[in-house]
Every structure is written in C-alpha cells, then in structure tokens.
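Participant: Before we start, here is the structure in question, set down as structure tokens.
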Amino acid sequence: MSSTVLHVLAAISLSAIAMTAIVGLRYLLTSGVFAWVTSRKKPGLYRGMNKQIRSEIGWSLLSAAIYGIPAGIVAWGWQAHGWTRIYESWNDYPLWYLPLSVFLYLFAHDTWFYWSHRWMHIPRWFRIAHAVHHASKPPTAWAAMSFHPVEALSGAFIIPLLVLIIPIHMAMLGVVLAIMTIMGITNHMGWEMFPRPLVHSRLGYWLITASHHQRHHENYKCNYGLYFRFWDHLCGTDRGLSQP
C-alpha cells in the first residue's frame, strides 16, 4: 500500500476519531446539564434508575462512535476536497436563505426519522434493534442516543448526506446540530420543560416536545416524529399529548 493511501487513511481515521469524541462529549455535557436541571426542577424523578441510566449512557456512547465515523469522513472530505455544500461566507447566498436552510435540514431529518422510526416498530425490527431504546421506562435525559447499533446506523448518515446536497452556512449547520441535540434530550426527560401556553398553542400543535414524545413511549404505535407533528398528523398517527 502506497504512502499516499496510508496518509489518506490516517487522516480519515483521525477525523473520524475526532468527530466521535465531539459527538460523545456533546452528549455527555448536554445530557448531563439537563439531568442536573431535572434534579433541581423534579427532585427524585430519576430515583432508583441508576442501572437504567448506566445502560443509556453505554448505548449512547456506542451510538456516538457510529455517528462520528460518517461525520468524520465527510468532515475530512470537506476540508481536503470541498465535497460538501457547506459555505463560510455570508454573501454566498441571500440572508433569507439562512433560516430556510435550517428548516430544510430539520424537515428532511424529521421526514427520514418519522419513516425509519415507523419501520423500527415493525415487530421483527423492534425486537432486533428498537427494543433497546424502549427499554428506557420511562426515558431520562440520558436516553436520547440510547440506540442499538442497527438503529444508530440508520440515523448516522442523514446529516452527512444532507451536507452533500443542500447548501448551508457553517453557522446554520451549528444551529441544526444544536436543535437536534436539545430536542432529542428534552423530548426524553420525562417532564415538560416548555411552557404550557406554547405546548398547547397553535404552534405547539405542529411541534414535538416531551408531552408529545412521552405518549410514544407509553403507547408505542403513535407519535413517531422528531421535530414536527406534520407526518403524524398527515398519516393519522398523532395521538396528542401525555402529561409528563
């Protein structure tokens, strides 16, 4: 094997390791913060759940590696070869495109998540993979990335694929990743942190928060979305809100 190939493989490996570390640290820090908030706002909510939480952390760190590898490959391709549609100058696209690009990413991710999530509830695939996530009864702030490797793999490629297709400013990509992280965690905390007037408003009718996702963990056959209730409403799988 030539030295050039070895150099490329080493660079890709280092990028994948770095992204795995970033995803893992992001998970530990953000989940840790929201778990701490839970201990202050809802003392005792996670009492007696240490074994479950250790399991959630273990599965989540494995998921971090699975998410980090494709992200690292694409990050290397962006830096070394300009593979992606990520741009750095604010003048490359009109300013009105900035929020639109965030919405396009979130809607595309939400669409993929809704349909892959429903697929994971087919009994065979539920037993193979998705049962790991639903073993969190009830889920905690540590459960957002608690996936079997098969399920983690099904979601690991969506953002790396989108950056190859849809232009986005690097700052707006940061916004997307922040929303993805925060909503993933807050939807699993076991209590509703957003104000009731928002959750029960016309806007709340289209957004997913803990009150909506908790119903999924209670009922399994409903409320499959990630950010928006669009597909749940359209496909008749929305069963309203729980009372976490």
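Chains: A, B, ... in order of the structure tokens. Residues: from 1 per chain. Ligands: from 1, in order shown.
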Quick check for you: according to DSSP on this backbone, which residues of range 132-227 of chain A are classed as alpha helix (DSSP H)? Reply as an mmCIF file with all heavy atoms, in the first residue's frame.
Facilitator:
data_model
loop_
_atom_site.group_PDB
_atom_site.id
_atom_site.type_symbol
_atom_site.label_atom_id
_atom_site.label_comp_id
_atom_site.auth_asym_id
_atom_site.auth_seq_id
_atom_site.Cartn_x
_atom_site.Cartn_y
_atom_site.Cartn_z
ATOM 1 N N VAL A 132 -34.074 -1.736 22.354
ATOM 2 C CA VAL A 132 -33.048 -1.135 23.223
ATOM 3 C C VAL A 132 -33.488 0.252 23.675
ATOM 4 O O VAL A 132 -33.402 0.598 24.862
ATOM 5 C CB VAL A 132 -31.693 -1.055 22.488
ATOM 6 C CG1 VAL A 132 -30.725 -0.128 23.220
ATOM 7 C CG2 VAL A 132 -31.085 -2.436 22.350
ATOM 8 N N HIS A 133 -33.985 1.054 22.751
ATOM 9 C CA HIS A 133 -34.410 2.410 23.095
ATOM 10 C C HIS A 133 -35.627 2.382 24.021
ATOM 11 O O HIS A 133 -35.708 3.155 24.975
ATOM 12 C CB HIS A 133 -34.730 3.197 21.829
ATOM 13 C CG HIS A 133 -35.033 4.639 22.077
ATOM 14 N ND1 HIS A 133 -34.093 5.526 22.569
ATOM 15 C CD2 HIS A 133 -36.173 5.361 21.923
ATOM 16 C CE1 HIS A 133 -34.633 6.720 22.691
ATOM 17 N NE2 HIS A 133 -35.901 6.656 22.314
ATOM 18 N N HIS A 134 -36.548 1.479 23.751
ATOM 19 C CA HIS A 134 -37.767 1.416 24.561
ATOM 20 C C HIS A 134 -37.552 0.692 25.886
ATOM 21 O O HIS A 134 -38.476 0.625 26.702
ATOM 22 C CB HIS A 134 -38.909 0.773 23.768
ATOM 23 C CG HIS A 134 -39.613 1.745 22.865
ATOM 24 N ND1 HIS A 134 -40.616 2.576 23.313
ATOM 25 C CD2 HIS A 134 -39.432 2.030 21.557
ATOM 26 C CE1 HIS A 134 -41.043 3.326 22.311
ATOM 27 N NE2 HIS A 134 -40.332 3.025 21.237
ATOM 28 N N PRO A 149 -26.928 -0.569 17.745
ATOM 29 C CA PRO A 149 -26.117 -0.141 16.599
ATOM 30 C C PRO A 149 -26.869 -0.120 15.267
ATOM 31 O O PRO A 149 -26.613 0.742 14.422
ATOM 32 C CB PRO A 149 -24.980 -1.169 16.572
ATOM 33 C CG PRO A 149 -24.812 -1.558 18.002
ATOM 34 C CD PRO A 149 -26.202 -1.553 18.578
ATOM 35 N N VAL A 150 -27.798 -1.056 15.057
ATOM 36 C CA VAL A 150 -28.576 -1.055 13.809
ATOM 37 C C VAL A 150 -29.386 0.228 13.690
ATOM 38 O O VAL A 150 -29.431 0.863 12.630
ATOM 39 C CB VAL A 150 -29.501 -2.286 13.741
ATOM 40 C CG1 VAL A 150 -30.491 -2.159 12.572
ATOM 41 C CG2 VAL A 150 -28.684 -3.562 13.608
ATOM 42 N N GLU A 151 -30.029 0.636 14.783
ATOM 43 C CA GLU A 151 -30.814 1.862 14.751
ATOM 44 C C GLU A 151 -29.915 3.084 14.641
ATOM 45 O O GLU A 151 -30.223 4.030 13.900
ATOM 46 C CB GLU A 151 -31.695 1.980 15.990
ATOM 47 C CG GLU A 151 -32.567 3.223 15.968
ATOM 48 C CD GLU A 151 -33.652 3.216 17.015
ATOM 49 O OE1 GLU A 151 -33.686 2.288 17.850
ATOM 50 O OE2 GLU A 151 -34.487 4.139 16.985
ATOM 51 N N ALA A 152 -28.806 3.088 15.355
ATOM 52 C CA ALA A 152 -27.869 4.211 15.253
ATOM 53 C C ALA A 152 -27.369 4.364 13.822
ATOM 54 O O ALA A 152 -27.267 5.479 13.295
ATOM 55 C CB ALA A 152 -26.700 4.013 16.211
ATOM 56 N N LEU A 153 -27.087 3.238 13.180
ATOM 57 C CA LEU A 153 -26.600 3.268 11.802
ATOM 58 C C LEU A 153 -27.642 3.855 10.864
ATOM 59 O O LEU A 153 -27.318 4.587 9.925
ATOM 60 C CB LEU A 153 -26.212 1.857 11.356
ATOM 61 C CG LEU A 153 -25.410 1.729 10.055
ATOM 62 C CD1 LEU A 153 -24.065 2.427 10.197
ATOM 63 C CD2 LEU A 153 -25.215 0.253 9.708
ATOM 64 N N SER A 154 -28.925 3.578 11.138
ATOM 65 C CA SER A 154 -29.987 4.080 10.257
ATOM 66 C C SER A 154 -30.095 5.598 10.303
ATOM 67 O O SER A 154 -30.587 6.220 9.353
ATOM 68 C CB SER A 154 -31.334 3.456 10.645
ATOM 69 O OG SER A 154 -31.848 4.021 11.847
ATOM 70 N N GLY A 155 -29.630 6.217 11.394
ATOM 71 C CA GLY A 155 -29.715 7.663 11.504
ATOM 72 C C GLY A 155 -28.397 8.388 11.331
ATOM 73 O O GLY A 155 -28.364 9.616 11.266
ATOM 74 N N ALA A 156 -27.305 7.626 11.209
ATOM 75 C CA ALA A 156 -25.971 8.243 11.225
ATOM 76 C C ALA A 156 -25.620 8.959 9.930
ATOM 77 O O ALA A 156 -24.734 9.810 9.917
ATOM 78 C CB ALA A 156 -24.917 7.176 11.517
ATOM 79 N N ILE A 158 -27.811 10.642 7.763
ATOM 80 C CA ILE A 158 -28.730 11.637 7.212
ATOM 81 C C ILE A 158 -28.097 13.027 7.149
ATOM 82 O O ILE A 158 -28.146 13.686 6.100
ATOM 83 C CB ILE A 158 -30.074 11.640 7.980
ATOM 84 C CG1 ILE A 158 -31.041 12.636 7.359
ATOM 85 C CG2 ILE A 158 -29.876 11.891 9.457
ATOM 86 C CD1 ILE A 158 -31.456 12.298 5.953
ATOM 87 N N ILE A 159 -27.494 13.524 8.232
ATOM 88 C CA ILE A 159 -26.881 14.854 8.185
ATOM 89 C C ILE A 159 -25.651 14.863 7.275
ATOM 90 O O ILE A 159 -25.506 15.790 6.449
ATOM 91 C CB ILE A 159 -26.520 15.359 9.600
ATOM 92 C CG1 ILE A 159 -27.781 15.471 10.468
ATOM 93 C CG2 ILE A 159 -25.801 16.702 9.525
ATOM 94 C CD1 ILE A 159 -28.814 16.462 9.955
ATOM 95 N N PRO A 160 -24.747 13.864 7.351
ATOM 96 C CA PRO A 160 -23.641 13.832 6.381
ATOM 97 C C PRO A 160 -24.128 13.811 4.923
ATOM 98 O O PRO A 160 -23.481 14.409 4.059
ATOM 99 C CB PRO A 160 -22.899 12.538 6.744
ATOM 100 C CG PRO A 160 -23.130 12.384 8.208
ATOM 101 C CD PRO A 160 -24.551 12.843 8.404
ATOM 102 N N LEU A 161 -25.237 13.141 4.661
ATOM 103 C CA LEU A 161 -25.775 13.125 3.298
ATOM 104 C C LEU A 161 -26.341 14.484 2.916
ATOM 105 O O LEU A 161 -26.122 14.977 1.797
ATOM 106 C CB LEU A 161 -26.856 12.050 3.187
ATOM 107 C CG LEU A 161 -27.550 11.927 1.824
ATOM 108 C CD1 LEU A 161 -26.536 11.548 0.746
ATOM 109 C CD2 LEU A 161 -28.672 10.896 1.891
ATOM 110 N N LEU A 162 -27.052 15.124 3.841
ATOM 111 C CA LEU A 162 -27.661 16.419 3.536
ATOM 112 C C LEU A 162 -26.620 17.482 3.212
ATOM 113 O O LEU A 162 -26.843 18.331 2.341
ATOM 114 C CB LEU A 162 -28.540 16.881 4.701
ATOM 115 C CG LEU A 162 -29.851 16.115 4.905
ATOM 116 C CD1 LEU A 162 -30.565 16.598 6.161
ATOM 117 C CD2 LEU A 162 -30.757 16.261 3.686
ATOM 118 N N VAL A 163 -25.466 17.462 3.902
ATOM 119 C CA VAL A 163 -24.456 18.495 3.629
ATOM 120 C C VAL A 163 -23.811 18.301 2.259
ATOM 121 O O VAL A 163 -23.153 19.217 1.747
ATOM 122 C CB VAL A 163 -23.361 18.557 4.719
ATOM 123 C CG1 VAL A 163 -23.963 18.893 6.071
ATOM 124 C CG2 VAL A 163 -22.537 17.273 4.772
ATOM 125 N N LEU A 164 -24.005 17.137 1.660
ATOM 126 C CA LEU A 164 -23.523 16.916 0.297
ATOM 127 C C LEU A 164 -24.503 17.435 -0.742
ATOM 128 O O LEU A 164 -24.140 17.592 -1.914
ATOM 129 C CB LEU A 164 -23.279 15.420 0.053
ATOM 130 C CG LEU A 164 -22.234 14.725 0.928
ATOM 131 C CD1 LEU A 164 -22.197 13.235 0.613
ATOM 132 C CD2 LEU A 164 -20.865 15.345 0.754
ATOM 133 N N ILE A 165 -25.744 17.702 -0.316
ATOM 134 C CA ILE A 165 -26.820 18.025 -1.266
ATOM 135 C C ILE A 165 -27.342 19.448 -1.119
ATOM 136 O O ILE A 165 -27.526 20.158 -2.111
ATOM 137 C CB ILE A 165 -27.990 17.032 -1.084
ATOM 138 C CG1 ILE A 165 -27.524 15.591 -1.329
ATOM 139 C CG2 ILE A 165 -29.153 17.383 -2.015
ATOM 140 C CD1 ILE A 165 -28.561 14.557 -0.947
ATOM 141 N N MET A 170 -21.998 27.347 7.621
ATOM 142 C CA MET A 170 -21.477 26.537 8.715
ATOM 143 C C MET A 170 -22.105 26.931 10.056
ATOM 144 O O MET A 170 -22.308 26.072 10.923
ATOM 145 C CB MET A 170 -19.956 26.627 8.783
ATOM 146 C CG MET A 170 -19.393 28.003 8.980
ATOM 147 S SD MET A 170 -17.571 28.034 8.829
ATOM 148 C CE MET A 170 -17.118 26.753 10.000
ATOM 149 N N ALA A 171 -22.456 28.220 10.231
ATOM 150 C CA ALA A 171 -23.109 28.631 11.470
ATOM 151 C C ALA A 171 -24.509 28.056 11.571
ATOM 152 O O ALA A 171 -24.963 27.658 12.649
ATOM 153 C CB ALA A 171 -23.164 30.158 11.556
ATOM 154 N N MET A 172 -25.222 27.992 10.438
ATOM 155 C CA MET A 172 -26.575 27.426 10.434
ATOM 156 C C MET A 172 -26.528 25.918 10.640
ATOM 157 O O MET A 172 -27.435 25.346 11.246
ATOM 158 C CB MET A 172 -27.286 27.748 9.112
ATOM 159 C CG MET A 172 -27.534 29.232 8.889
ATOM 160 S SD MET A 172 -28.534 30.008 10.199
ATOM 161 C CE MET A 172 -27.263 30.814 11.182
ATOM 162 N N LEU A 173 -25.463 25.275 10.175
ATOM 163 C CA LEU A 173 -25.292 23.851 10.472
ATOM 164 C C LEU A 173 -25.128 23.653 11.969
ATOM 165 O O LEU A 173 -25.670 22.700 12.542
ATOM 166 C CB LEU A 173 -24.085 23.297 9.722
ATOM 167 C CG LEU A 173 -23.789 21.812 9.931
ATOM 168 C CD1 LEU A 173 -24.976 20.947 9.509
ATOM 169 C CD2 LEU A 173 -22.530 21.406 9.162
ATOM 170 N N GLY A 174 -24.417 24.573 12.619
ATOM 171 C CA GLY A 174 -24.308 24.529 14.078
ATOM 172 C C GLY A 174 -25.659 24.670 14.749
ATOM 173 O O GLY A 174 -25.950 24.001 15.744
ATOM 174 N N VAL A 175 -26.522 25.539 14.186
ATOM 175 C CA VAL A 175 -27.879 25.697 14.728
ATOM 176 C C VAL A 175 -28.659 24.394 14.593
ATOM 177 O O VAL A 175 -29.350 23.959 15.520
ATOM 178 C CB VAL A 175 -28.606 26.852 14.014
ATOM 179 C CG1 VAL A 175 -30.096 26.878 14.396
ATOM 180 C CG2 VAL A 175 -27.962 28.180 14.348
ATOM 181 N N VAL A 176 -28.560 23.764 13.427
ATOM 182 C CA VAL A 176 -29.250 22.485 13.204
ATOM 183 C C VAL A 176 -28.800 21.449 14.225
ATOM 184 O O VAL A 176 -29.621 20.755 14.841
ATOM 185 C CB VAL A 176 -28.993 21.974 11.770
ATOM 186 C CG1 VAL A 176 -29.483 20.529 11.613
ATOM 187 C CG2 VAL A 176 -29.685 22.866 10.747
ATOM 188 N N LEU A 177 -27.497 21.336 14.427
ATOM 189 C CA LEU A 177 -26.970 20.338 15.359
ATOM 190 C C LEU A 177 -27.387 20.652 16.793
ATOM 191 O O LEU A 177 -27.669 19.743 17.586
ATOM 192 C CB LEU A 177 -25.449 20.264 15.249
ATOM 193 C CG LEU A 177 -24.911 19.758 13.902
ATOM 194 C CD1 LEU A 177 -23.397 19.853 13.864
ATOM 195 C CD2 LEU A 177 -25.367 18.332 13.629
ATOM 196 N N ALA A 178 -27.448 21.948 17.128
ATOM 197 C CA ALA A 178 -27.875 22.334 18.472
ATOM 198 C C ALA A 178 -29.346 21.976 18.695
ATOM 199 O O ALA A 178 -29.711 21.430 19.744
ATOM 200 C CB ALA A 178 -27.661 23.834 18.682
ATOM 201 N N ILE A 179 -30.200 22.280 17.713
ATOM 202 C CA ILE A 179 -31.622 21.943 17.821
ATOM 203 C C ILE A 179 -31.793 20.428 17.918
ATOM 204 O O ILE A 179 -32.576 19.925 18.730
ATOM 205 C CB ILE A 179 -32.405 22.504 16.625
ATOM 206 C CG1 ILE A 179 -32.429 24.035 16.691
ATOM 207 C CG2 ILE A 179 -33.834 21.951 16.591
ATOM 208 C CD1 ILE A 179 -33.021 24.695 15.461
ATOM 209 N N MET A 180 -31.057 19.691 17.084
ATOM 210 C CA MET A 180 -31.135 18.234 17.090
ATOM 211 C C MET A 180 -30.771 17.676 18.470
ATOM 212 O O MET A 180 -31.457 16.790 19.000
ATOM 213 C CB MET A 180 -30.196 17.667 16.029
ATOM 214 C CG MET A 180 -30.161 16.151 15.935
ATOM 215 S SD MET A 180 -29.153 15.582 14.541
ATOM 216 C CE MET A 180 -27.523 16.034 15.124
ATOM 217 N N THR A 181 -29.721 18.219 19.059
ATOM 218 C CA THR A 181 -29.270 17.738 20.362
ATOM 219 C C THR A 181 -30.253 18.100 21.465
ATOM 220 O O THR A 181 -30.661 17.242 22.262
ATOM 221 C CB THR A 181 -27.884 18.339 20.683
ATOM 222 O OG1 THR A 181 -26.955 17.964 19.657
ATOM 223 C CG2 THR A 181 -27.382 17.841 22.026
ATOM 224 N N ILE A 182 -30.658 19.375 21.509
ATOM 225 C CA ILE A 182 -31.524 19.839 22.592
ATOM 226 C C ILE A 182 -32.902 19.189 22.532
ATOM 227 O O ILE A 182 -33.430 18.729 23.554
ATOM 228 C CB ILE A 182 -31.640 21.373 22.552
ATOM 229 C CG1 ILE A 182 -30.286 22.000 22.924
ATOM 230 C CG2 ILE A 182 -32.727 21.867 23.507
ATOM 231 C CD1 ILE A 182 -30.210 23.489 22.692
ATOM 232 N N MET A 183 -33.481 19.100 21.340
ATOM 233 C CA MET A 183 -34.812 18.491 21.243
ATOM 234 C C MET A 183 -34.758 17.000 21.512
ATOM 235 O O MET A 183 -35.667 16.430 22.124
ATOM 236 C CB MET A 183 -35.440 18.786 19.886
ATOM 237 C CG MET A 183 -35.831 20.242 19.719
ATOM 238 S SD MET A 183 -36.879 20.571 18.281
ATOM 239 C CE MET A 183 -38.422 19.783 18.772
ATOM 240 N N GLY A 184 -33.684 16.347 21.056
ATOM 241 C CA GLY A 184 -33.558 14.924 21.341
ATOM 242 C C GLY A 184 -33.529 14.640 22.826
ATOM 243 O O GLY A 184 -34.124 13.669 23.306
ATOM 244 N N ILE A 185 -32.841 15.494 23.576
ATOM 245 C CA ILE A 185 -32.728 15.293 25.024
ATOM 246 C C ILE A 185 -34.004 15.717 25.741
ATOM 247 O O ILE A 185 -34.555 14.969 26.556
ATOM 248 C CB ILE A 185 -31.514 16.061 25.574
ATOM 249 C CG1 ILE A 185 -30.222 15.448 25.035
ATOM 250 C CG2 ILE A 185 -31.507 16.034 27.107
ATOM 251 C CD1 ILE A 185 -28.985 16.271 25.326
ATOM 252 N N THR A 186 -34.490 16.932 25.445
ATOM 253 C CA THR A 186 -35.666 17.426 26.178
ATOM 254 C C THR A 186 -36.904 16.597 25.907
ATOM 255 O O THR A 186 -37.785 16.506 26.767
ATOM 256 C CB THR A 186 -35.938 18.907 25.839
ATOM 257 O OG1 THR A 186 -36.141 19.052 24.422
ATOM 258 C CG2 THR A 186 -34.772 19.781 26.274
ATOM 259 N N ARG A 196 -46.671 25.681 29.215
ATOM 260 C CA ARG A 196 -47.936 25.113 28.771
ATOM 261 C C ARG A 196 -48.601 25.942 27.665
ATOM 262 O O ARG A 196 -49.123 25.364 26.695
ATOM 263 C CB ARG A 196 -48.876 24.970 29.977
ATOM 264 C CG ARG A 196 -50.224 24.354 29.638
ATOM 265 C CD ARG A 196 -51.106 24.219 30.879
ATOM 266 N NE ARG A 196 -52.415 23.698 30.543
ATOM 267 C CZ ARG A 196 -52.703 22.413 30.440
ATOM 268 N NH1 ARG A 196 -51.756 21.509 30.678
ATOM 269 N NH2 ARG A 196 -53.913 22.012 30.119
ATOM 270 N N PRO A 197 -48.592 27.291 27.750
ATOM 271 C CA PRO A 197 -49.207 28.069 26.670
ATOM 272 C C PRO A 197 -48.594 27.801 25.299
ATOM 273 O O PRO A 197 -49.292 27.872 24.284
ATOM 274 C CB PRO A 197 -48.971 29.525 27.115
ATOM 275 C CG PRO A 197 -48.891 29.453 28.595
ATOM 276 C CD PRO A 197 -48.184 28.155 28.881
ATOM 277 N N LEU A 198 -47.285 27.507 25.254
ATOM 278 C CA LEU A 198 -46.650 27.161 23.976
ATOM 279 C C LEU A 198 -47.042 25.756 23.544
ATOM 280 O O LEU A 198 -47.441 25.538 22.398
ATOM 281 C CB LEU A 198 -45.132 27.260 24.104
ATOM 282 C CG LEU A 198 -44.332 26.708 22.904
ATOM 283 C CD1 LEU A 198 -44.644 27.509 21.642
ATOM 284 C CD2 LEU A 198 -42.829 26.722 23.194
ATOM 285 N N VAL A 199 -46.933 24.799 24.454
ATOM 286 C CA VAL A 199 -47.213 23.398 24.114
ATOM 287 C C VAL A 199 -48.635 23.232 23.604
ATOM 288 O O VAL A 199 -48.898 22.453 22.679
ATOM 289 C CB VAL A 199 -46.957 22.491 25.336
ATOM 290 C CG1 VAL A 199 -47.375 21.054 25.047
ATOM 291 C CG2 VAL A 199 -45.479 22.537 25.731
ATOM 292 N N ALA A 210 -41.640 17.109 24.977
ATOM 293 C CA ALA A 210 -41.720 15.922 25.829
ATOM 294 C C ALA A 210 -43.149 15.424 25.989
ATOM 295 O O ALA A 210 -43.395 14.214 26.062
ATOM 296 C CB ALA A 210 -41.115 16.217 27.193
ATOM 297 N N SER A 211 -44.116 16.331 26.041
ATOM 298 C CA SER A 211 -45.512 15.927 26.218
ATOM 299 C C SER A 211 -45.984 15.047 25.069
ATOM 300 O O SER A 211 -46.801 14.137 25.261
ATOM 301 C CB SER A 211 -46.419 17.167 26.311
ATOM 302 O OG SER A 211 -46.092 17.958 27.421
ATOM 303 N N HIS A 212 -45.489 15.327 23.871
ATOM 304 C CA HIS A 212 -45.866 14.550 22.693
ATOM 305 C C HIS A 212 -45.095 13.241 22.630
ATOM 306 O O HIS A 212 -45.675 12.163 22.411
ATOM 307 C CB HIS A 212 -45.615 15.380 21.432
ATOM 308 C CG HIS A 212 -46.135 14.762 20.171
ATOM 309 N ND1 HIS A 212 -45.352 13.981 19.355
ATOM 310 C CD2 HIS A 212 -47.358 14.812 19.582
ATOM 311 C CE1 HIS A 212 -46.056 13.586 18.310
ATOM 312 N NE2 HIS A 212 -47.283 14.073 18.415
ATOM 313 N N HIS A 213 -43.779 13.304 22.828
ATOM 314 C CA HIS A 213 -42.967 12.100 22.667
ATOM 315 C C HIS A 213 -43.174 11.108 23.814
ATOM 316 O O HIS A 213 -43.035 9.892 23.618
ATOM 317 C CB HIS A 213 -41.487 12.458 22.556
ATOM 318 C CG HIS A 213 -40.648 11.326 22.079
ATOM 319 N ND1 HIS A 213 -40.754 10.798 20.808
ATOM 320 C CD2 HIS A 213 -39.688 10.588 22.706
ATOM 321 C CE1 HIS A 213 -39.905 9.793 20.668
ATOM 322 N NE2 HIS A 213 -39.245 9.640 21.808
ATOM 323 N N GLN A 214 -43.522 11.619 24.990
ATOM 324 C CA GLN A 214 -43.799 10.714 26.109
ATOM 325 C C GLN A 214 -44.954 9.769 25.762
ATOM 326 O O GLN A 214 -44.940 8.603 26.150
ATOM 327 C CB GLN A 214 -44.132 11.513 27.365
ATOM 328 C CG GLN A 214 -44.310 10.667 28.620
ATOM 329 C CD GLN A 214 -42.984 10.275 29.257
ATOM 330 O OE1 GLN A 214 -41.921 10.707 28.797
ATOM 331 N NE2 GLN A 214 -43.038 9.489 30.304
ATOM 332 N N ARG A 215 -45.937 10.285 25.000
ATOM 333 C CA ARG A 215 -47.060 9.428 24.595
ATOM 334 C C ARG A 215 -46.576 8.278 23.723
ATOM 335 O O ARG A 215 -47.104 7.170 23.800
ATOM 336 C CB ARG A 215 -48.104 10.286 23.862
ATOM 337 C CG ARG A 215 -49.322 9.534 23.319
ATOM 338 C CD ARG A 215 -50.126 8.824 24.408
ATOM 339 N NE ARG A 215 -50.598 9.749 25.431
ATOM 340 C CZ ARG A 215 -51.745 10.437 25.349
ATOM 341 N NH1 ARG A 215 -52.492 10.350 24.263
ATOM 342 N NH2 ARG A 215 -52.122 11.220 26.337
ATOM 343 N N HIS A 216 -45.555 8.533 22.911
ATOM 344 C CA HIS A 216 -44.991 7.449 22.101
ATOM 345 C C HIS A 216 -44.398 6.359 22.986
ATOM 346 O O HIS A 216 -44.588 5.168 22.737
ATOM 347 C CB HIS A 216 -43.913 7.980 21.155
ATOM 348 C CG HIS A 216 -43.165 6.891 20.444
ATOM 349 N ND1 HIS A 216 -43.710 6.190 19.390
ATOM 350 C CD2 HIS A 216 -41.927 6.354 20.656
ATOM 351 C CE1 HIS A 216 -42.844 5.285 18.970
ATOM 352 N NE2 HIS A 216 -41.749 5.356 19.728
ATOM 353 N N HIS A 217 -43.674 6.755 24.027
ATOM 354 C CA HIS A 217 -43.061 5.760 24.911
ATOM 355 C C HIS A 217 -44.105 5.032 25.762
ATOM 356 O O HIS A 217 -43.840 3.939 26.254
ATOM 357 C CB HIS A 217 -42.005 6.425 25.798
ATOM 358 C CG HIS A 217 -40.700 6.619 25.103
ATOM 359 N ND1 HIS A 217 -39.669 5.714 25.159
ATOM 360 C CD2 HIS A 217 -40.252 7.623 24.302
ATOM 361 C CE1 HIS A 217 -38.651 6.137 24.446
ATOM 362 N NE2 HIS A 217 -38.972 7.302 23.914
ATOM 363 N N GLU A 218 -45.270 5.614 25.902
ATOM 364 C CA GLU A 218 -46.352 4.957 26.631
ATOM 365 C C GLU A 218 -47.148 4.010 25.733
ATOM 366 O O GLU A 218 -47.561 2.929 26.155
ATOM 367 C CB GLU A 218 -47.304 6.010 27.205
ATOM 368 C CG GLU A 218 -46.688 6.891 28.286
ATOM 369 C CD GLU A 218 -47.544 8.103 28.625
ATOM 370 O OE1 GLU A 218 -48.554 8.341 27.922
ATOM 371 O OE2 GLU A 218 -47.210 8.805 29.588
ATOM 372 N N ASN A 219 -47.342 4.434 24.468
ATOM 373 C CA ASN A 219 -48.281 3.745 23.581
ATOM 374 C C ASN A 219 -47.603 2.989 22.441
ATOM 375 O O ASN A 219 -48.198 2.088 21.858
ATOM 376 C CB ASN A 219 -49.274 4.771 23.016
ATOM 377 C CG ASN A 219 -50.485 4.134 22.380
ATOM 378 O OD1 ASN A 219 -50.757 2.954 22.571
ATOM 379 N ND2 ASN A 219 -51.211 4.916 21.612
#
Participant: Might you pull out every residue within 12 Å of Leu9 in chain A, with only C-alpha atoms counted and same-chain residues fewer than 5 positions away left off, and present them as a list in words?
Facilitator: Met1, Ser2, Ser3, Thr4, Leu14, Ser15, Ala16, Gly72, Ile73, Trp76 and Gly77 of chain A
Participant: Give me the residues near His148 in chain A as a PyMOL selection string, where near means some atom within 12 Å (using only C-alpha atoms) and where sequence neighbours in that chain fewer than 2 positions away do not count.
Facilitator: chain A and resi 55-56+58-64+66+120+125-135+143+145-146+150-155
Participant: Per residue of range 83-149 of chain A within 6 Å of range 187-191 of chain A, note the shortest atom pair and the distance in Å to one decimal, counting only C-alpha atoms, and order the rows by chain and increasing residue number, as a Markdown table.
Facilitator:
| residue | atom | partner | partner_atom | distance |
| --- | --- | --- | --- | --- |
| A:Pro139 | CA | A:His188 | CA | 5.4 |
| A:Thr140 | CA | A:Met189 | CA | 4.6 |
| A:Ala141 | CA | A:Met189 | CA | 4.4 |
Participant: Taking into account only C-alpha atoms, which residue in the set A:Phe147, A:Val8, A:Ile57, A:Phe107 is nearest to Leu29 in chain A?
Facilitator: A:Ile57
Participant: Could you find all residues in range 46-174 of chain A that DSSP calls strand (DSSP E) from the backbone, and write them as a VMD selection string?
Facilitator: chain A and resid 86 to 87 168 to 169
Participant: Which one of A:Leu234, A:Ala75, A:Val33, A:Ala11 sits closest to Thr111 in chain A if you count only C-alpha atoms?
Facilitator: A:Leu234
Participant: With only C-alpha atoms as the basis for distance, which of A:Pro43, A:Gly225, A:Gly32, A:Pro167 is at the shortest distance from Leu98 in chain A?
Facilitator: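 Closest candidate: A:Pro167.
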Participant: Counting only C-alpha atoms, which of A:Leu106, A:Tyr114, A:Ala144, A:Ile53 gets nearest to Thr237 in chain A?
Facilitator: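 Selected residue with least distance to Thr237 in chain A: A:Tyr114.
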Participant: Pick the closest to Tyr46 in chain A from A:Tyr205, A:Tyr67, A:Tyr227, A:Trp142: which is it, counting only C-alpha atoms?
Facilitator: A:Trp142
Participant: Suppose you want the space between CA of Lys51 in chain A and CA of Lys221 in chain A; what is it in Å?
Facilitator: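 For CA of Lys51 in chain A relative to CA of Lys221 in chain A, the distance reads 26.5 Å.
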Participant: Determine the nearest neighbour of Ser116 in chain A from the options A:Ser136, A:Tyr224, A:Tyr87, A:Ala65, counting only C-alpha atoms.
Facilitator: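 Of all the options, A:Tyr224 lies closest to Ser116 in chain A.
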Participant: Near His200 in chain A, within 12 Å and counting only C-alpha atoms, which residues show up once chain neighbours fewer than 3 positions away are dropped, as a VMD selection string?
Facilitator: chain A and resid 192 194 to 197 203 to 209 211 to 212 240 to 243
Participant: Now that the selection is made, can you save its residues with C-alpha atoms as a PDB file, in the first residue's frame?
Facilitator:
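Just written: result.pdb:
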ATOM      1  CA  GLU A 192     -42.243  19.075  30.081  1.00  0.00           C
ATOM      2  CA  PHE A 194     -41.574  24.217  27.784  1.00  0.00           C
ATOM      3  CA  PRO A 195     -44.407  26.477  28.988  1.00  0.00           C
ATOM      4  CA  ARG A 196     -47.936  25.113  28.771  1.00  0.00           C
ATOM      5  CA  PRO A 197     -49.207  28.069  26.670  1.00  0.00           C
ATOM      6  CA  LEU A 203     -47.680  26.484  17.093  1.00  0.00           C
ATOM      7  CA  GLY A 204     -47.409  23.689  19.646  1.00  0.00           C
ATOM      8  CA  TYR A 205     -49.903  21.680  17.582  1.00  0.00           C
ATOM      9  CA  TRP A 206     -47.105  21.290  14.997  1.00  0.00           C
ATOM     10  CA  LEU A 207     -44.082  20.932  17.306  1.00  0.00           C
ATOM     11  CA  ILE A 208     -42.839  17.945  19.259  1.00  0.00           C
ATOM     12  CA  THR A 209     -41.899  18.341  22.900  1.00  0.00           C
ATOM     13  CA  SER A 211     -45.512  15.927  26.218  1.00  0.00           C
ATOM     14  CA  HIS A 212     -45.866  14.550  22.693  1.00  0.00           C
ATOM     15  CA  GLY A 240     -51.989  14.004  21.213  1.00  0.00           C
ATOM     16  CA  LEU A 241     -50.118  14.754  24.408  1.00  0.00           C
ATOM     17  CA  SER A 242     -49.201  12.880  27.525  1.00  0.00           C
ATOM     18  CA  GLN A 243     -48.803  14.535  30.905  1.00  0.00           C
TER      19      GLN A 243
END
